[in-house]
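A.B. asks: Sharing input34.tsv below, TSV, N, CA and C atoms:
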chain	number	residue	atom	x	y	z
A	5	MET	N	35.46	-223.26	-106.81
A	5	MET	CA	36.03	-224.22	-105.86
A	5	MET	C	37.41	-223.76	-105.37
A	6	VAL	N	38.24	-223.33	-106.30
A	6	VAL	CA	39.58	-222.89	-105.94
A	6	VAL	C	39.50	-221.63	-105.09
A	7	ARG	N	38.57	-220.75	-105.41
A	7	ARG	CA	38.40	-219.51	-104.66
A	7	ARG	C	38.00	-219.81	-103.21
A	8	ALA	N	37.17	-220.80	-103.00
A	8	ALA	CA	36.74	-221.18	-101.65
A	8	ALA	C	37.92	-221.72	-100.84
A	9	VAL	N	38.78	-222.48	-101.49
A	9	VAL	CA	39.96	-223.02	-100.80
A	9	VAL	C	40.91	-221.88	-100.43
A	10	GLN	N	41.07	-220.91	-101.35
A	10	GLN	CA	41.94	-219.77	-101.06
A	10	GLN	C	41.40	-218.97	-99.87
A	11	ILE	N	40.12	-218.72	-99.85
A	11	ILE	CA	39.52	-217.98	-98.75
A	11	ILE	C	39.65	-218.76	-97.45
A	12	GLY	N	39.46	-220.06	-97.51
A	12	GLY	CA	39.63	-220.90	-96.32
A	12	GLY	C	41.05	-220.85	-95.79
A	13	CYS	N	42.02	-220.88	-96.69
A	13	CYS	CA	43.42	-220.80	-96.27
A	13	CYS	C	43.72	-219.45	-95.62
A	14	VAL	N	43.18	-218.38	-96.17
A	14	VAL	CA	43.40	-217.06	-95.60
A	14	VAL	C	42.78	-216.97	-94.20
A	15	VAL	N	41.59	-217.50	-94.02
A	15	VAL	CA	40.93	-217.47	-92.72
A	15	VAL	C	41.72	-218.27	-91.70
A	16	VAL	N	42.19	-219.44	-92.08
A	16	VAL	CA	42.98	-220.27	-91.16
A	16	VAL	C	44.29	-219.57	-90.82
A	17	PHE	N	44.93	-218.97	-91.80
A	17	PHE	CA	46.19	-218.26	-91.57
A	17	PHE	C	45.98	-217.11	-90.58
A	18	ILE	N	44.93	-216.32	-90.77
A	18	ILE	CA	44.65	-215.21	-89.87
A	18	ILE	C	44.37	-215.72	-88.46
A	19	ALA	N	43.63	-216.81	-88.34
A	19	ALA	CA	43.33	-217.37	-87.02
A	19	ALA	C	44.61	-217.83	-86.32
A	20	VAL	N	45.51	-218.44	-87.07
A	20	VAL	CA	46.78	-218.90	-86.48
A	20	VAL	C	47.62	-217.71	-86.05
A	21	MET	N	47.67	-216.67	-86.86
A	21	MET	CA	48.45	-215.48	-86.50
A	21	MET	C	47.88	-214.80	-85.25
A	22	ILE	N	46.57	-214.73	-85.14
A	22	ILE	CA	45.95	-214.14	-83.94
A	22	ILE	C	46.28	-214.99	-82.71
A	23	ALA	N	46.22	-216.31	-82.85
A	23	ALA	CA	46.53	-217.19	-81.72
A	23	ALA	C	47.98	-217.04	-81.28
A	24	ILE	N	48.89	-216.94	-82.25
A	24	ILE	CA	50.31	-216.77	-81.92
A	24	ILE	C	50.52	-215.44	-81.22
A	25	ASN	N	49.87	-214.38	-81.72
A	25	ASN	CA	50.01	-213.05	-81.12
A	25	ASN	C	49.49	-213.05	-79.68
A	26	GLN	N	48.34	-213.64	-79.45
A	26	GLN	CA	47.78	-213.67	-78.10
A	26	GLN	C	48.61	-214.54	-77.17
A	27	GLY	N	49.12	-215.65	-77.69
A	27	GLY	CA	49.97	-216.52	-76.87
A	27	GLY	C	51.27	-215.83	-76.49
A	28	ALA	N	51.87	-215.11	-77.44
A	28	ALA	CA	53.11	-214.40	-77.14
A	28	ALA	C	52.86	-213.28	-76.14
A	29	SER	N	51.74	-212.58	-76.28
A	29	SER	CA	51.42	-211.51	-75.33
A	29	SER	C	51.22	-212.08	-73.93
A	30	TRP	N	50.54	-213.21	-73.83
A	30	TRP	CA	50.33	-213.83	-72.52
A	30	TRP	C	51.66	-214.25	-71.91
A	31	PHE	N	52.54	-214.85	-72.74
A	31	PHE	CA	53.82	-215.33	-72.26
A	31	PHE	C	54.68	-214.18	-71.76
A	32	ILE	N	54.71	-213.09	-72.52
A	32	ILE	CA	55.53	-211.94	-72.14
A	32	ILE	C	54.97	-211.27	-70.89
A	33	SER	N	53.64	-211.23	-70.75
A	33	SER	CA	53.06	-210.56	-69.59
A	33	SER	C	53.31	-211.32	-68.29
A	34	LYS	N	53.63	-212.62	-68.38
A	34	LYS	CA	53.87	-213.41	-67.17
A	34	LYS	C	55.25	-213.17	-66.57
A	35	PHE	N	56.15	-212.58	-67.32
A	35	PHE	CA	57.51	-212.39	-66.84
A	35	PHE	C	57.83	-210.91	-66.72
A	36	SER	N	58.68	-210.60	-65.78
A	36	SER	CA	59.08	-209.21	-65.58
A	36	SER	C	60.22	-208.86	-66.53
A	37	GLY	N	60.69	-207.64	-66.42
A	37	GLY	CA	61.82	-207.20	-67.24
A	37	GLY	C	63.09	-207.96	-66.91
A	38	ASP	N	63.19	-208.45	-65.67
A	38	ASP	CA	64.38	-209.21	-65.29
A	38	ASP	C	64.51	-210.48	-66.12
A	39	PHE	N	63.39	-211.09	-66.44
A	39	PHE	CA	63.43	-212.30	-67.26
A	39	PHE	C	63.97	-211.99	-68.65
A	40	ALA	N	63.51	-210.88	-69.24
A	40	ALA	CA	63.98	-210.50	-70.57
A	40	ALA	C	65.48	-210.22	-70.55
A	41	TRP	N	65.94	-209.48	-69.52
A	41	TRP	CA	67.37	-209.22	-69.42
A	41	TRP	C	68.16	-210.50	-69.21
A	42	GLY	N	67.60	-211.42	-68.46
A	42	GLY	CA	68.27	-212.71	-68.27
A	42	GLY	C	68.41	-213.47	-69.58
A	43	CYS	N	67.38	-213.42	-70.40
A	43	CYS	CA	67.45	-214.07	-71.71
A	43	CYS	C	68.52	-213.44	-72.59
A	44	VAL	N	68.57	-212.11	-72.58
A	44	VAL	CA	69.56	-211.40	-73.39
A	44	VAL	C	70.98	-211.73	-72.92
A	45	VAL	N	71.21	-211.67	-71.62
A	45	VAL	CA	72.54	-211.96	-71.08
A	45	VAL	C	72.91	-213.42	-71.34
A	46	GLY	N	71.96	-214.33	-71.18
A	46	GLY	CA	72.23	-215.74	-71.46
A	46	GLY	C	72.57	-215.98	-72.91
A	47	ALA	N	71.86	-215.31	-73.82
A	47	ALA	CA	72.14	-215.46	-75.25
A	47	ALA	C	73.52	-214.91	-75.59
A	48	LEU	N	73.88	-213.77	-75.01
A	48	LEU	CA	75.20	-213.21	-75.27
A	48	LEU	C	76.30	-214.11	-74.71
A	49	PHE	N	76.09	-214.64	-73.52
A	49	PHE	CA	77.09	-215.55	-72.92
A	49	PHE	C	77.26	-216.80	-73.78
A	50	THR	N	76.15	-217.37	-74.23
A	50	THR	CA	76.21	-218.57	-75.06
A	50	THR	C	76.91	-218.28	-76.38
A	51	SER	N	76.60	-217.14	-77.00
A	51	SER	CA	77.24	-216.77	-78.26
A	51	SER	C	78.75	-216.58	-78.08
A	52	ALA	N	79.13	-215.92	-76.99
A	52	ALA	CA	80.55	-215.72	-76.73
A	52	ALA	C	81.26	-217.05	-76.50
A	53	LEU	N	80.60	-217.96	-75.80
A	53	LEU	CA	81.19	-219.27	-75.54
A	53	LEU	C	81.37	-220.06	-76.84
A	54	VAL	N	80.37	-220.04	-77.70
A	54	VAL	CA	80.48	-220.74	-78.98
A	54	VAL	C	81.58	-220.13	-79.83
A	55	PHE	N	81.66	-218.80	-79.86
A	55	PHE	CA	82.72	-218.13	-80.62
A	55	PHE	C	84.10	-218.52	-80.10
A	56	LEU	N	84.25	-218.55	-78.78
A	56	LEU	CA	85.53	-218.92	-78.18
A	56	LEU	C	85.90	-220.37	-78.52
A	57	ILE	N	84.94	-221.27	-78.45
A	57	ILE	CA	85.21	-222.67	-78.77
A	57	ILE	C	85.61	-222.83	-80.22
A	58	LEU	N	84.90	-222.17	-81.13
A	58	LEU	CA	85.25	-222.26	-82.55
A	58	LEU	C	86.63	-221.67	-82.82
A	59	LYS	N	86.96	-220.57	-82.16
A	59	LYS	CA	88.28	-219.97	-82.33
A	59	LYS	C	89.38	-220.89	-81.82
A	60	MET	N	89.14	-221.56	-80.69
A	60	MET	CA	90.13	-222.48	-80.14
A	60	MET	C	90.30	-223.69	-81.03
A	61	GLU	N	89.23	-224.18	-81.64
A	61	GLU	CA	89.34	-225.33	-82.54
A	61	GLU	C	90.16	-224.99	-83.77
A	62	LYS	N	89.97	-223.80	-84.32
A	62	LYS	CA	90.72	-223.40	-85.50
A	62	LYS	C	92.20	-223.22	-85.18
A	63	SER	N	92.51	-222.70	-84.00
A	63	SER	CA	93.91	-222.44	-83.66
A	63	SER	C	94.65	-223.71	-83.24
A	64	SER	N	93.91	-224.78	-82.92
A	64	SER	CA	94.58	-225.99	-82.47
A	64	SER	C	95.16	-226.81	-83.62
A	65	GLY	N	94.80	-226.47	-84.85
A	65	GLY	CA	95.36	-227.18	-85.99
A	65	GLY	C	94.59	-228.43	-86.36
A	66	THR	N	93.55	-228.75	-85.68
A	66	THR	CA	92.73	-229.91	-86.01
A	66	THR	C	91.53	-229.44	-86.81
A	67	GLY	N	91.78	-229.02	-88.01
A	67	GLY	CA	90.72	-228.51	-88.87
A	67	GLY	C	89.92	-229.65	-89.49
A	68	GLN	N	89.25	-229.34	-90.54
A	68	GLN	CA	88.40	-230.32	-91.21
A	68	GLN	C	89.17	-231.13	-92.25
A	69	GLN	N	90.47	-230.94	-92.34
A	69	GLN	CA	91.27	-231.68	-93.31
A	69	GLN	C	91.43	-233.13	-92.88
A	70	PRO	N	91.26	-234.08	-93.79
A	70	PRO	CA	91.46	-235.48	-93.41
A	70	PRO	C	92.94	-235.77	-93.19
A	71	ALA	N	93.20	-236.84	-92.51
A	71	ALA	CA	94.58	-237.25	-92.27
A	71	ALA	C	95.23	-237.63	-93.61
A	72	ALA	N	96.56	-237.65	-93.62
A	72	ALA	CA	97.29	-237.89	-94.88
A	72	ALA	C	96.96	-239.26	-95.46
A	73	HIS	N	96.83	-240.27	-94.62
A	73	HIS	CA	96.55	-241.60	-95.13
A	73	HIS	C	95.09	-241.75	-95.56
A	74	GLN	N	94.23	-240.81	-95.22
A	74	GLN	CA	92.83	-240.89	-95.62
A	74	GLN	C	92.50	-239.95	-96.77
A	75	SER	N	93.49	-239.20	-97.25
A	75	SER	CA	93.19	-238.20	-98.27
A	75	SER	C	93.07	-238.81	-99.66
A	76	ARG	N	93.53	-240.04	-99.84
A	76	ARG	CA	93.41	-240.63	-101.17
A	76	ARG	C	91.99	-241.15	-101.37
A	77	SER	N	91.66	-241.34	-102.60
A	77	SER	CA	90.32	-241.77	-102.94
A	77	SER	C	90.08	-243.20	-102.45
A	78	ARG	N	88.94	-243.45	-101.93
A	78	ARG	CA	88.59	-244.79	-101.45
A	78	ARG	C	88.03	-245.66	-102.56
A	79	ASP	N	87.90	-245.09	-103.75
A	79	ASP	CA	87.35	-245.85	-104.86
A	79	ASP	C	88.42	-246.67	-105.59
A	80	LEU	N	89.66	-246.48	-105.24
A	80	LEU	CA	90.74	-247.20	-105.91
A	80	LEU	C	90.82	-248.64	-105.41
A	81	ILE	N	91.12	-249.51	-106.31
A	81	ILE	CA	91.31	-250.93	-105.95
A	81	ILE	C	92.81	-251.22	-106.05
A	82	ASP	N	93.39	-251.65	-104.94
A	82	ASP	CA	94.81	-251.98	-104.94
A	82	ASP	C	94.99	-253.37	-105.54
A	83	LEU	N	95.86	-253.47	-106.53
A	83	LEU	CA	96.12	-254.76	-107.19
A	83	LEU	C	97.43	-255.34	-106.75
Spit out the file's structure as structure tokens when you get a sec.
C.D. replies:
Amino acid sequence: MVRAVQIGCVVVFIAVMIAINQGASWFISKFSGDFAWGCVVGALFTSALVFLILKMEKSSGTGQQPAAHQSRSRDLIDL
């Protein structure tokens, strides 16, 4: 019984991998090289923009540190 389930899982896995491979091939064949270059340039631009934003946030002094009045424990009960 367990062997049949294992074989079934392998068959389903192979079928899914073949479907993904054929789908990716179809998708890539629909676009020219310009599309691929556009994706690469867009990814680089987005990465550079995120890097610049993170660098500006760190240099502005507004880090992840809580404010001075919020740094104490909230579990204390003032009497």
A.B. asks: State, in Å with one decimal place, the distance from atom N of A:Val20 to atom CA of A:Phe35.
C.D. replies: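 Between atom N of A:Val20 and atom CA of A:Phe35 the gap works out to 24.3 Å.
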A.B. asks: Provide the atom CA of A:Ala8 to atom C of A:Gln26 distance in Å, to one decimal place.
C.D. replies: 28.0 Å
A.B. asks: When you draw a straight line from atom N of A:Ala52 to atom N of A:Phe39, how long is it in Å?
C.D. replies: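 One can read the atom N of A:Ala52 to atom N of A:Phe39 distance as 19.6 Å.
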A.B. asks: Give the centre and edge lengths of an axis-aligned box, in Å to one decimal, that holds all listed atoms of stretch 15-33 of chain A with 6 Å on each side, as lines of an AutoDock Vina configuration file.
C.D. replies:
center_x = 48.2
center_y = -215.4
center_z = -81.2
size_x = 26.6
size_y = 21.7
size_z = 37.7
